[in-house]
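Below: model.pdb (PDB, C-alpha atoms)
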ATOM      1  CA  MET B   1     106.586 138.401 113.260
ATOM      2  CA  SER B   2     103.053 138.542 112.000
ATOM      3  CA  GLN B   3     104.010 136.245 109.128
ATOM      4  CA  GLU B   4     105.413 133.629 111.453
ATOM      5  CA  GLN B   5     102.127 133.665 113.272
ATOM      6  CA  HIS B   6     100.392 133.119 109.978
ATOM      7  CA  THR B   7     102.555 130.083 109.141
ATOM      8  CA  ALA B   8     102.255 128.559 112.571
ATOM      9  CA  ASP B   9      98.494 128.440 112.105
ATOM     10  CA  LYS B  10      98.863 126.216 109.066
ATOM     11  CA  HIS B  11      98.540 122.507 109.506
ATOM     12  CA  GLN B  12     101.923 120.809 109.488
ATOM     13  CA  VAL B  13     102.142 117.155 108.613
ATOM     14  CA  GLY B  14     104.758 115.167 110.544
ATOM     15  CA  TYR B  15     107.659 113.354 108.889
ATOM     16  CA  GLY B  16     106.281 110.076 110.208
ATOM     17  CA  THR B  17     102.960 110.476 108.406
ATOM     18  CA  TYR B  18     104.738 110.966 105.090
ATOM     19  CA  VAL B  19     106.990 107.961 105.640
ATOM     20  CA  LEU B  20     103.983 105.836 106.599
ATOM     21  CA  ILE B  21     102.069 106.859 103.460
ATOM     22  CA  TRP B  22     105.171 106.135 101.380
ATOM     23  CA  LEU B  23     105.396 102.629 102.864
ATOM     24  CA  VAL B  24     101.717 102.008 102.082
ATOM     25  CA  LEU B  25     102.264 103.251  98.515
ATOM     26  CA  LEU B  26     105.244 100.910  98.096
ATOM     27  CA  SER B  27     103.321  97.906  99.390
ATOM     28  CA  LEU B  28     100.433  98.729  97.057
ATOM     29  CA  THR B  29     102.912  98.826  94.163
ATOM     30  CA  VAL B  30     104.269  95.400  95.152
ATOM     31  CA  THR B  31     100.689  94.124  95.440
ATOM     32  CA  THR B  32      99.662  95.373  92.008
ATOM     33  CA  VAL B  33     102.743  93.792  90.398
ATOM     34  CA  ALA B  34     102.180  90.490  92.220
ATOM     35  CA  VAL B  35      98.477  90.421  91.362
ATOM     36  CA  SER B  36      99.204  91.095  87.678
ATOM     37  CA  GLY B  37     100.919  87.688  87.524
ATOM     38  CA  ILE B  38      97.759  85.873  88.580
ATOM     39  CA  ASN B  39      95.223  85.161  85.889
ATOM     40  CA  LEU B  40      92.056  86.834  87.059
ATOM     41  CA  GLY B  41      90.556  87.335  83.624
ATOM     42  CA  ASN B  42      88.631  90.556  83.406
ATOM     43  CA  PHE B  43      89.428  91.391  87.000
ATOM     44  CA  ILE B  44      93.087  92.114  86.171
ATOM     45  CA  LEU B  45      92.317  95.544  84.767
ATOM     46  CA  PHE B  46      89.771  96.206  87.486
ATOM     47  CA  THR B  47      92.148  95.394  90.367
ATOM     48  CA  ALA B  48      95.026  97.279  88.757
ATOM     49  CA  LEU B  49      92.866 100.400  88.376
ATOM     50  CA  LEU B  50      91.419 100.027  91.864
ATOM     51  CA  ILE B  51      94.915  99.904  93.385
ATOM     52  CA  ALA B  52      95.979 102.890  91.252
ATOM     53  CA  LEU B  53      92.917 104.755  92.516
ATOM     54  CA  VAL B  54      93.740 104.014  96.163
ATOM     55  CA  LYS B  55      97.336 105.140  95.561
ATOM     56  CA  SER B  56      96.229 108.397  93.965
ATOM     57  CA  ILE B  57      93.787 109.124  96.805
ATOM     58  CA  LEU B  58      96.690 108.777  99.262
ATOM     59  CA  VAL B  59      98.980 111.005  97.189
ATOM     60  CA  VAL B  60      96.339 113.713  96.685
ATOM     61  CA  ASN B  61      95.173 113.755 100.297
ATOM     62  CA  VAL B  62      98.470 113.557 102.145
ATOM     63  CA  PHE B  63     101.341 114.512  99.816
ATOM     64  CA  MET B  64      99.300 117.188  98.050
ATOM     65  CA  HIS B  65      97.710 118.279 101.341
ATOM     66  CA  ILE B  66      94.133 118.310 100.071
ATOM     67  CA  LYS B  67      92.965 116.710 103.301
ATOM     68  CA  PHE B  68      94.361 119.610 105.340
ATOM     69  CA  ASP B  69      93.608 122.461 102.916
ATOM     70  CA  GLU B  70      90.709 124.914 102.957
ATOM     71  CA  PRO B  71      87.423 123.358 101.730
ATOM     72  CA  ILE B  72      87.464 125.414  98.516
ATOM     73  CA  PHE B  73      90.376 123.286  97.210
ATOM     74  CA  LYS B  74      88.324 120.149  97.749
ATOM     75  CA  VAL B  75      85.429 121.738  95.843
ATOM     76  CA  PHE B  76      87.724 122.700  92.955
ATOM     77  CA  LEU B  77      89.272 119.260  92.786
ATOM     78  CA  GLY B  78      85.849 117.646  93.013
ATOM     79  CA  VAL B  79      84.546 119.690  90.078
ATOM     80  CA  ALA B  80      87.646 118.893  87.998
ATOM     81  CA  ILE B  81      87.425 115.162  88.692
ATOM     82  CA  MET B  82      83.669 115.067  88.073
ATOM     83  CA  THR B  83      84.184 116.832  84.722
ATOM     84  CA  LEU B  84      86.840 114.324  83.707
ATOM     85  CA  LEU B  85      84.675 111.448  84.933
ATOM     86  CA  ALA B  86      81.649 112.710  82.985
ATOM     87  CA  VAL B  87      83.716 112.852  79.794
ATOM     88  CA  PHE B  88      85.048 109.338  80.456
ATOM     89  CA  ILE B  89      81.622 107.850  81.167
ATOM     90  CA  LEU B  90      79.870 109.501  78.218
ATOM     91  CA  ILE B  91      82.612 108.476  75.792
ATOM     92  CA  SER B  92      82.773 104.938  77.186
ATOM     93  CA  PHE B  93      79.083 104.491  76.320
ATOM     94  CA  ASP B  94      80.025 105.205  72.724
ATOM     95  CA  ILE B  95      83.054 102.914  72.870
ATOM     96  CA  PHE B  96      81.584  99.897  74.633
ATOM     97  CA  PHE B  97      78.042  99.856  73.204
ATOM     98  CA  ARG B  98      78.625 100.427  69.508
TER      99      ARG B  98
ATOM    100  CA  MET N   1     114.573 138.904  92.731
ATOM    101  CA  SER N   2     112.039 141.712  92.432
ATOM    102  CA  GLU N   3     109.598 139.500  94.290
ATOM    103  CA  ALA N   4     111.993 139.157  97.197
ATOM    104  CA  ILE N   5     112.385 142.926  97.411
ATOM    105  CA  HIS N   6     108.664 143.279  97.097
ATOM    106  CA  SER N   7     107.933 140.937  99.992
ATOM    107  CA  GLU N   8     110.609 142.670 102.056
ATOM    108  CA  ILE N   9     108.825 145.984 101.603
ATOM    109  CA  ALA N  10     105.550 144.260 102.368
ATOM    110  CA  GLU N  11     107.019 142.732 105.523
ATOM    111  CA  LYS N  12     108.171 146.145 106.748
ATOM    112  CA  ALA N  13     104.781 147.597 105.972
ATOM    113  CA  ALA N  14     103.149 144.737 107.836
ATOM    114  CA  SER N  15     105.287 145.067 110.942
ATOM    115  CA  SER N  16     104.586 148.796 111.130
ATOM    116  CA  ALA N  17     100.881 148.226 110.630
ATOM    117  CA  GLY N  18     100.894 145.239 112.951
ATOM    118  CA  HIS N  19      98.393 143.252 110.934
ATOM    119  CA  SER N  20      99.185 140.181 108.899
ATOM    120  CA  HIS N  21      96.473 140.851 106.330
ATOM    121  CA  HIS N  22      98.264 144.019 105.230
ATOM    122  CA  VAL N  23     101.048 141.878 103.783
ATOM    123  CA  HIS N  24     100.997 142.103 100.039
ATOM    124  CA  ARG N  25     101.360 138.402  99.476
ATOM    125  CA  ASP N  26      98.683 136.024  98.341
ATOM    126  CA  ASP N  27      99.718 132.447  99.058
ATOM    127  CA  PHE N  28      96.118 131.325  98.843
ATOM    128  CA  GLY N  29      95.735 132.825  95.367
ATOM    129  CA  ALA N  30      99.058 131.366  94.267
ATOM    130  CA  LYS N  31      97.937 127.924  95.344
ATOM    131  CA  ILE N  32      94.583 128.223  93.591
ATOM    132  CA  GLY N  33      96.441 129.266  90.452
ATOM    133  CA  MET N  34      98.677 126.218  90.732
ATOM    134  CA  TRP N  35      95.717 123.878  91.170
ATOM    135  CA  LEU N  36      93.989 125.398  88.134
ATOM    136  CA  PHE N  37      97.128 124.683  86.119
ATOM    137  CA  LEU N  38      97.170 121.122  87.447
ATOM    138  CA  PHE N  39      93.565 120.669  86.277
ATOM    139  CA  THR N  40      94.583 121.571  82.735
ATOM    140  CA  GLU N  41      97.315 118.937  83.030
ATOM    141  CA  LEU N  42      94.724 116.463  84.250
ATOM    142  CA  LEU N  43      92.584 117.148  81.187
ATOM    143  CA  LEU N  44      95.601 116.879  78.867
ATOM    144  CA  PHE N  45      96.526 113.432  80.161
ATOM    145  CA  GLY N  46      92.853 112.548  80.614
ATOM    146  CA  GLY N  47      92.344 112.980  76.877
ATOM    147  CA  LEU N  48      95.220 110.612  76.173
ATOM    148  CA  PHE N  49      93.801 108.049  78.596
ATOM    149  CA  ILE N  50      90.475 108.233  76.706
ATOM    150  CA  ILE N  51      92.288 107.448  73.450
ATOM    151  CA  TYR N  52      94.001 104.560  75.240
ATOM    152  CA  MET N  53      90.633 103.264  76.509
ATOM    153  CA  ALA N  54      89.055 103.426  73.050
ATOM    154  CA  TYR N  55      91.899 101.611  71.287
ATOM    155  CA  ARG N  56      92.371  99.043  74.011
ATOM    156  CA  GLN N  57      88.719  98.114  73.554
ATOM    157  CA  GLU N  58      89.169  97.811  69.792
ATOM    158  CA  TYR N  59      92.564  96.058  69.784
ATOM    159  CA  SER N  60      92.512  94.165  73.067
ATOM    160  CA  ASP N  61      94.570  91.172  71.862
ATOM    161  CA  ALA N  62      97.167  93.300  70.079
ATOM    162  CA  PHE N  63      97.592  95.429  73.222
ATOM    163  CA  HIS N  64      98.276  92.302  75.289
ATOM    164  CA  LEU N  65     100.740  91.021  72.726
ATOM    165  CA  ALA N  66     102.564  94.348  72.378
ATOM    166  CA  ALA N  67     102.718  94.945  76.132
ATOM    167  CA  LYS N  68     104.828  91.772  76.482
ATOM    168  CA  GLU N  69     107.661  93.729  74.869
ATOM    169  CA  LEU N  70     107.710  96.201  77.778
ATOM    170  CA  ASN N  71     110.109  95.658  80.644
ATOM    171  CA  MET N  72     108.022  95.235  83.801
ATOM    172  CA  THR N  73     111.091  95.329  86.052
ATOM    173  CA  ILE N  74     112.190  98.757  84.810
ATOM    174  CA  GLY N  75     108.579  99.957  85.071
ATOM    175  CA  THR N  76     108.365  98.763  88.680
ATOM    176  CA  ILE N  77     111.718 100.291  89.612
ATOM    177  CA  ASN N  78     110.659 103.601  88.081
ATOM    178  CA  THR N  79     107.400 103.483  90.043
ATOM    179  CA  ILE N  80     109.337 103.009  93.272
ATOM    180  CA  ILE N  81     111.733 105.824  92.304
ATOM    181  CA  LEU N  82     108.894 108.272  91.645
ATOM    182  CA  LEU N  83     107.023 107.341  94.830
ATOM    183  CA  THR N  84     110.208 107.849  96.835
ATOM    184  CA  SER N  85     110.844 111.198  95.136
ATOM    185  CA  SER N  86     107.341 112.258  96.146
ATOM    186  CA  LEU N  87     108.233 111.392  99.742
ATOM    187  CA  THR N  88     111.483 113.392  99.680
ATOM    188  CA  MET N  89     109.605 116.324  98.101
ATOM    189  CA  ALA N  90     107.024 116.312 100.913
ATOM    190  CA  LEU N  91     109.801 115.946 103.505
ATOM    191  CA  SER N  92     111.671 118.896 101.991
ATOM    192  CA  ILE N  93     108.662 121.163 102.591
ATOM    193  CA  ALA N  94     108.067 119.704 106.070
ATOM    194  CA  ALA N  95     111.725 120.323 107.003
ATOM    195  CA  LEU N  96     111.602 123.913 105.764
ATOM    196  CA  GLN N  97     108.458 124.543 107.806
ATOM    197  CA  ARG N  98     110.432 123.427 110.861
ATOM    198  CA  TYR N  99     113.339 125.804 110.049
ATOM    199  CA  LYS N 100     115.590 122.830 109.123
ATOM    200  CA  ILE N 101     116.929 124.469 105.988
ATOM    201  CA  THR N 102     119.876 122.104 105.424
ATOM    202  CA  LEU N 103     117.636 119.056 105.716
ATOM    203  CA  SER N 104     115.165 120.688 103.341
ATOM    204  CA  LEU N 105     117.937 121.235 100.785
ATOM    205  CA  TYR N 106     119.142 117.626 101.133
ATOM    206  CA  MET N 107     115.624 116.322 100.593
ATOM    207  CA  LEU N 108     115.145 118.566  97.566
ATOM    208  CA  ALA N 109     118.486 117.413  96.144
ATOM    209  CA  ALA N 110     117.382 113.799  96.703
ATOM    210  CA  THR N 111     114.164 114.519  94.789
ATOM    211  CA  ILE N 112     116.150 115.920  91.860
ATOM    212  CA  LEU N 113     118.543 112.938  91.905
ATOM    213  CA  LEU N 114     115.638 110.476  91.910
ATOM    214  CA  ALA N 115     114.087 112.348  88.981
ATOM    215  CA  PHE N 116     117.403 111.928  87.146
ATOM    216  CA  ALA N 117     117.449 108.233  88.022
ATOM    217  CA  PHE N 118     113.963 107.927  86.526
ATOM    218  CA  MET N 119     115.139 109.530  83.297
ATOM    219  CA  VAL N 120     118.266 107.330  83.151
ATOM    220  CA  ASN N 121     116.048 104.240  83.429
ATOM    221  CA  LYS N 122     113.765 105.680  80.762
ATOM    222  CA  TYR N 123     116.810 106.183  78.533
ATOM    223  CA  PHE N 124     117.840 102.546  78.873
ATOM    224  CA  GLU N 125     114.265 101.370  78.444
ATOM    225  CA  TRP N 126     113.668 103.336  75.263
ATOM    226  CA  GLY N 127     117.205 102.523  74.103
ATOM    227  CA  ALA N 128     116.456  98.798  74.324
ATOM    228  CA  LYS N 129     113.235  99.292  72.320
ATOM    229  CA  PHE N 130     115.094 101.285  69.677
ATOM    230  CA  SER N 131     117.792  98.608  69.367
ATOM    231  CA  HIS N 132     115.027  96.049  68.811
ATOM    232  CA  GLY N 133     113.841  98.272  65.979
ATOM    233  CA  ILE N 134     110.701  99.369  67.785
ATOM    234  CA  TYR N 135     110.361 103.112  67.395
ATOM    235  CA  PRO N 136     107.782 105.298  65.628
ATOM    236  CA  GLY N 137     107.944 104.779  61.885
ATOM    237  CA  SER N 138     110.509 101.946  62.026
ATOM    238  CA  GLU N 139     110.348  99.085  59.532
ATOM    239  CA  GLU N 140     110.014  96.541  62.332
ATOM    240  CA  LEU N 141     107.100  98.402  63.915
ATOM    241  CA  THR N 142     105.212  99.255  60.713
ATOM    242  CA  SER N 143     105.284  95.559  59.747
ATOM    243  CA  LYS N 144     103.259  94.741  62.888
ATOM    244  CA  SER N 145      99.456  94.786  63.160
ATOM    245  CA  SER N 146      97.568  98.102  63.498
ATOM    246  CA  GLY N 147      96.769  97.414  67.157
ATOM    247  CA  GLU N 148     100.430  96.929  68.045
ATOM    248  CA  ILE N 149     101.431 100.057  66.123
ATOM    249  CA  ILE N 150      98.814 102.025  68.055
ATOM    250  CA  PHE N 151      99.957 100.530  71.371
ATOM    251  CA  PHE N 152     103.540 101.635  70.797
ATOM    252  CA  GLY N 153     102.352 104.990  69.455
ATOM    253  CA  LEU N 154     100.447 105.572  72.690
ATOM    254  CA  TYR N 155     103.331 104.192  74.743
ATOM    255  CA  TYR N 156     105.816 106.638  73.218
ATOM    256  CA  THR N 157     103.382 109.567  73.329
ATOM    257  CA  MET N 158     102.171 109.083  76.887
ATOM    258  CA  THR N 159     105.398 108.018  78.598
ATOM    259  CA  GLY N 160     107.213 110.592  76.445
ATOM    260  CA  LEU N 161     104.938 113.431  77.527
ATOM    261  CA  HIS N 162     105.277 112.213  81.103
ATOM    262  CA  GLY N 163     109.068 112.092  80.736
ATOM    263  CA  LEU N 164     108.979 115.669  79.455
ATOM    264  CA  HIS N 165     107.136 116.611  82.646
ATOM    265  CA  VAL N 166     109.861 114.916  84.696
ATOM    266  CA  LEU N 167     112.504 116.961  82.838
ATOM    267  CA  VAL N 168     110.552 120.176  83.478
ATOM    268  CA  GLY N 169     110.263 119.088  87.114
ATOM    269  CA  ILE N 170     114.053 118.712  87.384
ATOM    270  CA  VAL N 171     114.562 122.272  86.105
ATOM    271  CA  LEU N 172     111.801 123.617  88.354
ATOM    272  CA  LEU N 173     113.140 121.921  91.478
ATOM    273  CA  ALA N 174     116.707 123.047  90.661
ATOM    274  CA  PHE N 175     115.385 126.630  90.638
ATOM    275  CA  MET N 176     113.704 126.035  94.008
ATOM    276  CA  PHE N 177     117.017 124.746  95.389
ATOM    277  CA  VAL N 178     118.708 128.003  94.355
ATOM    278  CA  PHE N 179     115.787 130.028  95.755
ATOM    279  CA  ILE N 180     116.167 128.386  99.170
ATOM    280  CA  LYS N 181     119.928 129.012  99.045
ATOM    281  CA  ARG N 182     119.338 132.669  98.186
ATOM    282  CA  LYS N 183     116.648 132.933 100.883
ATOM    283  CA  SER N 184     113.964 133.838  98.398
ATOM    284  CA  ILE N 185     112.192 130.796  99.821
ATOM    285  CA  THR N 186     112.178 130.892 103.632
ATOM    286  CA  PRO N 187     110.461 128.992 106.468
ATOM    287  CA  THR N 188     107.822 131.750 106.531
ATOM    288  CA  ASN N 189     107.497 132.215 102.782
ATOM    289  CA  TYR N 190     107.624 128.922 100.913
ATOM    290  CA  ILE N 191     104.647 128.974  98.555
ATOM    291  CA  LYS N 192     106.956 128.545  95.537
ATOM    292  CA  LEU N 193     108.337 125.323  97.010
ATOM    293  CA  GLU N 194     104.856 124.157  97.959
ATOM    294  CA  ASN N 195     103.494 124.758  94.447
ATOM    295  CA  SER N 196     106.506 123.027  92.861
ATOM    296  CA  GLY N 197     105.774 120.138  95.202
ATOM    297  CA  LEU N 198     102.181 120.008  93.947
ATOM    298  CA  TYR N 199     103.474 119.806  90.371
ATOM    299  CA  TRP N 200     105.903 117.060  91.304
ATOM    300  CA  HIS N 201     103.200 114.992  93.007
ATOM    301  CA  LEU N 202     101.013 115.340  89.902
ATOM    302  CA  VAL N 203     103.834 113.883  87.800
ATOM    303  CA  ASP N 204     103.915 110.970  90.257
ATOM    304  CA  LEU N 205     100.131 110.681  90.103
ATOM    305  CA  ILE N 206     100.087 110.340  86.301
ATOM    306  CA  TRP N 207     102.735 107.623  86.472
ATOM    307  CA  ILE N 208     100.600 105.732  89.015
ATOM    308  CA  PHE N 209      98.071 105.228  86.195
ATOM    309  CA  LEU N 210     100.515 104.864  83.294
ATOM    310  CA  PHE N 211     102.359 102.026  85.024
ATOM    311  CA  PRO N 212      99.542  99.433  85.310
ATOM    312  CA  LEU N 213      98.013 100.399  81.944
ATOM    313  CA  PHE N 214     101.207  99.856  79.965
ATOM    314  CA  TYR N 215     103.453  97.555  81.973
ATOM    315  CA  LEU N 216     101.060  95.254  83.783
ATOM    316  CA  ILE N 217      98.959  93.845  80.943
ATOM    317  CA  HIS N 218      99.649  90.186  80.338
TER     318      HIS N 218
END
Step by step, read the file and then write its structure as structure tokens.
Amino acid sequence: MSQEQHTADKHQVGYGTYVLIWLVLLSLTVTTVAVSGINLGNFILFTALLIALVKSILVVNVFMHIKFDEPIFKVFLGVAIMTLLAVFILISFDIFFR
Amino acid sequence: MSEAIHSEIAEKAASSAGHSHHVHRDDFGAKIGMWLFLFTELLLFGGLFIIYMAYRQEYSDAFHLAAKELNMTIGTINTIILLTSSLTMALSIAALQRYKITLSLYMLAATILLAFAFMVNKYFEWGAKFSHGIYPGSEELTSKSSGEIIFFGLYYTMTGLHGLHVLVGIVLLAFMFVFIKRKSITPTNYIKLENSGLYWHLVDLIWIFLFPLFYLIH
């Protein structure tokens, strides 16, 4: 009984929300494929990565529940992403400004 | 099995004590553990993406040339398959939370089937490359420029490691299916399913970046 109480307190995401996010993810996929056909020069990589970033934010927040989880998970994820980002930025200085 | 017995004892202890915090079950800790594991995965793939970034900068033209060999249609279909499998995974957990166990099982089975479909596509995709003589160490490939060799090396390593994760995911989710059937995962105790879901979404997440970086360069 007490456990049911515990579960009921947790945030439950509706089916509709998931389906909606899925539809957005699909349309972003179609967009990124369509855009890749247009010659945008250096912006091709930029737009492709930007769309991938938006997609991953949606997946992490809704499918992976980060948006509804306790704040400590957001802190953990933030630290992990910042670490990865720091490594990327520092190394890219070496790569792009040799 | 021992875990199920364990939680049963804990449940009895909890109902006699009348407090939920006496339950010897730490879903919160389990989830933190799962996220920590996912961070190591992030760093593993992150390292590979750094190598990709460095070589793409050095061999930009060769990367564009080599990427033309990749089948964008299969890549797009596989993206759609993985995104859909992420949806069915999330729906499986949502259904279980609402005590719709049959629906949860159907959704989980759909996730596993979509994962299989992904691997079947991958098989045909790699098969076509192999029949064109493009595989690590092949005569055809080693006669190409260094940049192209590196592109295909990264392609096989990164999509291969990702494919391995999909295979592991299939096994993992099959176990979860059995656990739900055996009531080791229940509408009040589903952390195992939730954590498997987190893993599955990470596999989707990595593909979200692999897809544009390998298939969408022209």
**Asked** Between B:Phe63, B:Trp22, B:Phe93, B:Phe73, which one has atoms that come closest to Leu198 in chain N, using only C-alpha atoms?
**Response**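 With only C-alpha atoms as the atom set, the closest residue is B:Phe63.
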**Asked** Could you write out as a PyMOL selection string the residues of chain B within 9 Å of chain N, counting only C-alpha atoms?
**Response** chain B and resi 1-8+12-15+18-19+21-22+25-26+29-30+32-33+36-37+39+44-45+48-49+52-53+55-56+59-60+63-65+73+76-77+80-81+84+87-88+91-92+95-96
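In this model, the gap between CA of Leu20 in chain B and CA of Leu58 in chain B comes to 10.8 Å.
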**Message:** Considering all atoms listed in the file, can you say which of N:Ile150, N:Val120, N:Leu114, N:Ala174 comes closest to Ala67 in chain N?
**Reply:** N:Ile150
**Item:** Selection dump of the PyMOL selection byres ((chain N and resi 105) around 10), as a VMD selection string
**Value:** chain N and resid 92 to 93 95 to 96 100 to 104 106 to 111 176 to 178 180 to 181
**Request:** Have a look at N:His162, N:Arg25, N:Lys129, N:Arg56 and name the one nearest to Lys192 in chain N; count only C-alpha atoms.
**Result:** N:Arg25
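CA of Leu164 in chain N is positioned 22.8 Å from CA of Phe179 in chain N.
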**Message:** What's the separation between CA of Phe175 in chain N and CA of Gly29 in chain N, in Å to one decimal place?
**Reply:**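 Between CA of Phe175 in chain N and CA of Gly29 in chain N the gap works out to 21.1 Å.
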**Ref. answer, residues at most 9 Å from (96.1, 96.6, 102.9) with all atoms listed in the file, as number ranges by chain** = B: 24, 27-28
**Asked** Which residues come within 7 Å of Gly147 in chain N, counting all atoms listed in the file, excluding same-chain residues fewer than 5 positions away, as an NGL selection string?
**Response** :N and (59 or 62-63)
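Distance check against Leu44 in chain N using all atoms listed in the file: of N:Ile185, N:Leu161, N:Ile191, N:Ile149, the minimum falls on N:Leu161.
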**Message:** Given the point (110.7, 116.1, 81.7) in the coordinates of this file, which residues lie within 12 Å, counting all atoms listed in the file, and how would they look as a ChimeraX atom specification?
**Reply:** /N:112,115-116,118-120,122,159-173,199-200,203
Place N, CA and C atoms on range 35-55 of chain B and deliver the coordinates as a PDB file, in the frame of the given file.
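Generated output (rebuild.pdb):
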ATOM      1  N   VAL B  35      99.809  90.808  91.819  1.00  0.00           N
ATOM      2  CA  VAL B  35      98.477  90.421  91.362  1.00  0.00           C
ATOM      3  C   VAL B  35      98.429  90.298  89.838  1.00  0.00           C
ATOM      4  N   SER B  36      99.232  91.123  89.141  1.00  0.00           N
ATOM      5  CA  SER B  36      99.204  91.095  87.678  1.00  0.00           C
ATOM      6  C   SER B  36      99.677  89.758  87.127  1.00  0.00           C
ATOM      7  N   GLY B  37     100.435  89.002  87.955  1.00  0.00           N
ATOM      8  CA  GLY B  37     100.919  87.688  87.524  1.00  0.00           C
ATOM      9  C   GLY B  37      99.855  86.609  87.605  1.00  0.00           C
ATOM     10  N   ILE B  38      98.831  86.857  88.420  1.00  0.00           N
ATOM     11  CA  ILE B  38      97.759  85.873  88.580  1.00  0.00           C
ATOM     12  C   ILE B  38      96.716  86.098  87.494  1.00  0.00           C
ATOM     13  N   ASN B  39      96.216  85.007  86.942  1.00  0.00           N
ATOM     14  CA  ASN B  39      95.223  85.161  85.889  1.00  0.00           C
ATOM     15  C   ASN B  39      93.822  85.323  86.482  1.00  0.00           C
ATOM     16  N   LEU B  40      93.371  86.548  86.487  1.00  0.00           N
ATOM     17  CA  LEU B  40      92.056  86.834  87.059  1.00  0.00           C
ATOM     18  C   LEU B  40      91.046  87.199  85.975  1.00  0.00           C
ATOM     19  N   GLY B  41      91.448  86.992  84.732  1.00  0.00           N
ATOM     20  CA  GLY B  41      90.556  87.335  83.624  1.00  0.00           C
ATOM     21  C   GLY B  41      90.284  88.817  83.569  1.00  0.00           C
ATOM     22  N   ASN B  42      89.005  89.147  83.535  1.00  0.00           N
ATOM     23  CA  ASN B  42      88.631  90.556  83.406  1.00  0.00           C
ATOM     24  C   ASN B  42      88.936  91.374  84.652  1.00  0.00           C
ATOM     25  N   PHE B  43      89.188  90.665  85.752  1.00  0.00           N
ATOM     26  CA  PHE B  43      89.428  91.391  87.000  1.00  0.00           C
ATOM     27  C   PHE B  43      90.828  92.004  87.069  1.00  0.00           C
ATOM     28  N   ILE B  44      91.718  91.581  86.158  1.00  0.00           N
ATOM     29  CA  ILE B  44      93.087  92.114  86.171  1.00  0.00           C
ATOM     30  C   ILE B  44      93.077  93.626  86.040  1.00  0.00           C
ATOM     31  N   LEU B  45      92.374  94.104  85.003  1.00  0.00           N
ATOM     32  CA  LEU B  45      92.317  95.544  84.767  1.00  0.00           C
ATOM     33  C   LEU B  45      91.616  96.240  85.929  1.00  0.00           C
ATOM     34  N   PHE B  46      90.546  95.625  86.397  1.00  0.00           N
ATOM     35  CA  PHE B  46      89.771  96.206  87.486  1.00  0.00           C
ATOM     36  C   PHE B  46      90.616  96.372  88.747  1.00  0.00           C
ATOM     37  N   THR B  47      91.317  95.300  89.148  1.00  0.00           N
ATOM     38  CA  THR B  47      92.148  95.394  90.367  1.00  0.00           C
ATOM     39  C   THR B  47      93.279  96.389  90.188  1.00  0.00           C
ATOM     40  N   ALA B  48      93.909  96.358  88.996  1.00  0.00           N
ATOM     41  CA  ALA B  48      95.026  97.279  88.757  1.00  0.00           C
ATOM     42  C   ALA B  48      94.559  98.726  88.887  1.00  0.00           C
ATOM     43  N   LEU B  49      93.377  99.029  88.320  1.00  0.00           N
ATOM     44  CA  LEU B  49      92.866 100.400  88.376  1.00  0.00           C
ATOM     45  C   LEU B  49      92.416 100.769  89.783  1.00  0.00           C
ATOM     46  N   LEU B  50      91.860  99.777  90.484  1.00  0.00           N
ATOM     47  CA  LEU B  50      91.419 100.027  91.864  1.00  0.00           C
ATOM     48  C   LEU B  50      92.612 100.387  92.748  1.00  0.00           C
ATOM     49  N   ILE B  51      93.708  99.621  92.597  1.00  0.00           N
ATOM     50  CA  ILE B  51      94.915  99.904  93.385  1.00  0.00           C
ATOM     51  C   ILE B  51      95.481 101.272  93.004  1.00  0.00           C
ATOM     52  N   ALA B  52      95.494 101.580  91.702  1.00  0.00           N
ATOM     53  CA  ALA B  52      95.979 102.890  91.252  1.00  0.00           C
ATOM     54  C   ALA B  52      95.130 104.007  91.852  1.00  0.00           C
ATOM     55  N   LEU B  53      93.828 103.759  91.948  1.00  0.00           N
ATOM     56  CA  LEU B  53      92.917 104.755  92.516  1.00  0.00           C
ATOM     57  C   LEU B  53      93.227 104.987  93.995  1.00  0.00           C
ATOM     58  N   VAL B  54      93.417 103.895  94.729  1.00  0.00           N
ATOM     59  CA  VAL B  54      93.740 104.014  96.163  1.00  0.00           C
ATOM     60  C   VAL B  54      95.047 104.783  96.337  1.00  0.00           C
ATOM     61  N   LYS B  55      96.042 104.441  95.492  1.00  0.00           N
ATOM     62  CA  LYS B  55      97.336 105.140  95.561  1.00  0.00           C
ATOM     63  C   LYS B  55      97.166 106.628  95.308  1.00  0.00           C
TER      64      LYS B  55
END
